[in-house]
Amino acid sequence: CASPRSLAKMAAPLAPLVLLFALGCAALSAAQATEGAAAAPHRRFEYKYSFKGPHLVQADGTVPFWVHTGNAIPSADQIRITTSLKSQKGSVWTKNKSIFEYWEVEVTFRVTGRGRIGADGLAIWFTEEQGLEGPVFGAADKWNGVGIFFDSFDNDGKKNNPGVIVVGNNGKLLYDHQNDGSTQALASCQRDFRNKPYPVRVKITYYQKTLTVLINNGFTPDKDDYEFCAKVEDMVLPSQGYFGISAATGGLADDHDVLSFLTFQLTEPGKEAPTLDAEIPQKDKEKYQEEFEHFQQELDKKKEEFQREHPDVQGQPGKTSCAFFLAADDVFETVSDRELRQIFEGQNRIHLEIKQLNRQLDMILDEQRKYVSAVTEEIAKRGAAFPGQQGQVSQQEIETVVKTQEEVIRQVKEIRNSVTDALRSISGAQHPGSAGVYETTQHFNDIKEHLHVVKRDIEHLVQRNTPSSEKQKCPELSPFPSCLSTMHFFIVVAVQTVLFIGYVMYR
């Protein structure tokens, strides 16, 4: 064995070569990274081939740009492809063919069932024709394209389900159900996607004749937490096709719910995306042209009706059409206009409430003044009627009551000033750009506190002004006049005696 010093002498001439090799590897890695970043495709969201909640369905129960068949039930937040009943089939498909060569779809779904084993499964499609109904997970057999199957039931008994299987077809093959498509699978992975705490997410990418399947197993809410599942290279798919998703149940059943289906167009770097004219088929162009002409005719009719109803604006160029469009625009309201209207309505309501409160405070002040004057006069009268010591006590009571009333009046005046300041703040807050909402709320709280204080003071004042020694006496009754004389009394007694004796003798 060589000593460390001898090894260092031997490695010294090789140091420049090692350094040069390391620099070359770093440069090569940087070049590969730059090339990979430059080769990344451009993604563009295609809303006509996508759906996502909320407000998923229209008023007639349909999904925009999609058609659903079988037992599929669209709702506001999702599409239930099949319910957890036996022998159910359903599917949803895009109405129009895609016109882009490369694509990427992100599908969010949930498969739930009460049993430990579910059936049959769910499939994501890209085919040349719509497979609206059939035996392959609710879609048609002999498709031209690719299907990514999420098979829940183990038909071949190999205990490799639930699993994900990628099956291609040129329109001539029949799907092998008994073997779970294992003889036709281009790629597969075993993943359990049933009864997960979070929805399962799948990302399917077809770019430069390579199909890649990534899956989020539903154990985390992180949307970007994907793991590799399958990859198929040198795969040739139709240049135009329909996207779809289907599901089916058998003797066992699961709920198959699709929450979103997002489609993106992938374009190679340096290659322009298809123009809008190329994206619209000729039939759709003719259909849109007919709709435009129909709308134009309806618009002309509305203009004529408006001219007949408003002859005063005729003969002025441009005024008729502008007035018509302004009248039509008044029907609709933007989000900002609605928010501004709600703010002004709220400020006006607050303004009216404070005005009403101000009027009530004025009434309270008037009542307090009347009460003070009445109490002062009453106490003055009592002091004049009872001179001496009682007069001295009454004078003290007068001073106490007057001081209390002055304190109440002062507090009410403070409340009135607070209300005036609140009114001024509200008037300033009604102009755009002013921020008086918080101050208005604070004034309301102050007003509530002052009103409670006024109420307590008034109750205390009433209790103090009512003497505890004096009790309310019942009014004296006037003497009852005597209407019976002595002669009438004896006559009545004699008659009663005779009648009594006669009655006894008759008995």
# chains A, B, ... in the order shown; residues from 1 in each chain; ligands from 1
call {"tool": "residues_around", "arguments": {"residues": "Ile364 (chain A)", "least_positions_apart": "5", "cutoff": "10 Å", "atoms": "only C-alpha atoms", "output": "PyMOL selection string"}}
result
chain A and resi 358-359+369-370+409+412+454
call {"tool": "residues_around", "arguments": {"residues": "region 176-178 of chain A", "least_positions_apart": "5", "cutoff": "9 Å", "atoms": "only C-alpha atoms", "output": "ChimeraX atom specification"}}
result
/A:136,155-156,183-184
call {"tool": "write_last_selection", "arguments": {"atoms": "N, CA, C and O atoms", "output": "PDB file, in the first residue's frame"}}
result
ATOM      1  N   VAL A 136     -67.677  -1.072 -22.643  1.00  0.00           N
ATOM      2  CA  VAL A 136     -66.360  -0.800 -22.074  1.00  0.00           C
ATOM      3  C   VAL A 136     -66.475   0.387 -21.113  1.00  0.00           C
ATOM      4  O   VAL A 136     -66.429   1.545 -21.525  1.00  0.00           O
ATOM      5  N   ASN A 155     -61.355  -8.979 -12.415  1.00  0.00           N
ATOM      6  CA  ASN A 155     -62.008 -10.028 -13.194  1.00  0.00           C
ATOM      7  C   ASN A 155     -61.127 -11.263 -13.363  1.00  0.00           C
ATOM      8  O   ASN A 155     -61.637 -12.391 -13.355  1.00  0.00           O
ATOM      9  N   ASP A 156     -59.838 -11.073 -13.516  1.00  0.00           N
ATOM     10  CA  ASP A 156     -58.952 -12.218 -13.784  1.00  0.00           C
ATOM     11  C   ASP A 156     -58.449 -12.878 -12.507  1.00  0.00           C
ATOM     12  O   ASP A 156     -57.734 -13.876 -12.563  1.00  0.00           O
ATOM     13  N   THR A 183     -53.858  -8.204 -21.711  1.00  0.00           N
ATOM     14  CA  THR A 183     -53.247  -8.621 -22.990  1.00  0.00           C
ATOM     15  C   THR A 183     -53.168  -7.461 -23.981  1.00  0.00           C
ATOM     16  O   THR A 183     -52.437  -7.562 -24.971  1.00  0.00           O
ATOM     17  N   GLN A 184     -53.905  -6.393 -23.731  1.00  0.00           N
ATOM     18  CA  GLN A 184     -53.925  -5.251 -24.646  1.00  0.00           C
ATOM     19  C   GLN A 184     -53.316  -3.990 -24.032  1.00  0.00           C
ATOM     20  O   GLN A 184     -53.258  -2.955 -24.687  1.00  0.00           O
TER      21      GLN A 184
END
call {"tool": "closest_residue", "arguments": {"among": "A:Ser182, A:Asn417, A:Ser246, A:Ser50", "to": "Asp362 (chain A)", "atoms": "only C-alpha atoms"}}
result
A:Asn417
call {"tool": "atom_distance", "arguments": {"atom1": "CA of Trp66 (chain A)", "atom2": "CA of Thr94 (chain A)"}}
result
4.5 Å
call {"tool": "closest_residue", "arguments": {"among": "A:His68, A:Lys196, A:Lys172, A:Lys455", "to": "Ala139 (chain A)", "atoms": "only C-alpha atoms"}}
result
A:His68
call {"tool": "residues_around", "arguments": {"residues": "Gly251 (chain A)", "least_positions_apart": "6", "cutoff": "8 Å", "atoms": "only C-alpha atoms", "output": "list in words"}}
result
Lys86, Ser87 and Ala119 of chain A
call {"tool": "atom_distance", "arguments": {"atom1": "CA of Ser75 (chain A)", "atom2": "CA of Arg43 (chain A)"}}
result
28.6 Å
call {"tool": "residues_around", "arguments": {"residues": "Thr267 (chain A)", "least_positions_apart": "3", "cutoff": "10 Å", "atoms": "only C-alpha atoms", "output": "PyMOL selection string"}}
result
chain A and resi 40-44+100-103+207-208+264+270-274
call {"tool": "closest_residue", "arguments": {"among": "A:Leu299, A:Arg349, A:Leu259, A:Leu214", "to": "Lys231 (chain A)", "atoms": "only C-alpha atoms"}}
result
A:Leu214
call {"tool": "residues_around", "arguments": {"residues": "Gly131 (chain A)", "least_positions_apart": "5", "cutoff": "9 Å", "atoms": "only C-alpha atoms", "output": "ChimeraX atom specification"}}
result
/A:91,93,125,138-141,143,244
call {"tool": "closest_residue", "arguments": {"among": "A:Lys203, A:Arg114, A:Lys413, A:His256", "to": "Asp151 (chain A)", "atoms": "only C-alpha atoms"}}
result
A:His256
call {"tool": "closest_residue", "arguments": {"among": "A:Val105, A:Ala230, A:Val375, A:Ile79", "to": "Val164 (chain A)", "atoms": "only C-alpha atoms"}}
result
A:Ala230
call {"tool": "closest_residue", "arguments": {"among": "A:Arg338, A:His55, A:Lys285, A:Lys95", "to": "Gln78 (chain A)", "atoms": "only C-alpha atoms"}}
result
A:His55
call {"tool": "residues_around", "arguments": {"residues": "Gly163 (chain A)", "least_positions_apart": "5", "cutoff": "12 Å", "atoms": "only C-alpha atoms", "output": "JSON, numbers by chain"}}
result
{"A": [119, 120, 121, 122, 123, 148, 149, 150, 151, 152, 153, 154, 155, 158, 180, 181, 182, 185, 187, 188, 189, 190, 191, 192, 193, 194, 215, 217, 229, 230]}
call {"tool": "write_last_selection", "arguments": {"atoms": "C-alpha atoms", "output": "compact mmCIF listing (two decimals), in the first residue's frame"}}
result
# COMPACT_ATOMS: atom_id res chain seq x y z
CA ALA A 119 -67.12 -2.14 -9.60
CA ASP A 120 -66.73 -1.67 -12.43
CA GLY A 121 -64.67 1.44 -12.94
CA LEU A 122 -64.10 4.69 -14.78
CA ALA A 123 -62.41 5.54 -18.10
CA ILE A 148 -57.10 5.24 -19.64
CA PHE A 149 -59.08 2.79 -17.48
CA PHE A 150 -59.43 2.98 -13.71
CA ASP A 151 -60.53 -0.61 -13.14
CA SER A 152 -62.01 -1.35 -9.69
CA PHE A 153 -63.00 -5.03 -10.05
CA ASP A 154 -60.57 -7.93 -10.34
CA ASN A 155 -62.01 -10.03 -13.19
CA LYS A 158 -54.74 -11.85 -10.10
CA ASP A 180 -58.87 -6.83 -17.32
CA GLY A 181 -57.24 -5.77 -20.60
CA SER A 182 -53.86 -7.11 -19.53
CA ALA A 185 -52.39 -2.90 -22.09
CA ALA A 187 -48.78 0.46 -19.78
CA SER A 188 -50.28 0.08 -16.33
CA CYS A 189 -49.81 0.75 -12.63
CA GLN A 190 -51.54 -0.47 -9.51
CA ARG A 191 -53.19 2.37 -7.55
CA ASP A 192 -56.08 2.32 -5.12
CA PHE A 193 -58.35 5.25 -5.99
CA ARG A 194 -61.50 4.28 -4.04
CA ILE A 215 -51.70 10.46 -10.53
CA ASN A 217 -53.55 9.31 -4.87
CA CYS A 229 -47.94 5.95 -13.13
CA ALA A 230 -47.42 5.00 -16.79
call {"tool": "atom_distance", "arguments": {"atom1": "CA of Met235 (chain A)", "atom2": "CA of Leu173 (chain A)"}}
result
16.4 Å
call {"tool": "residues_around", "arguments": {"residues": "Thr210 (chain A)", "least_positions_apart": "6", "cutoff": "7 Å", "atoms": "only C-alpha atoms", "output": "list in words"}}
result
Val232, Glu233, Asp234 and Met235 of chain A
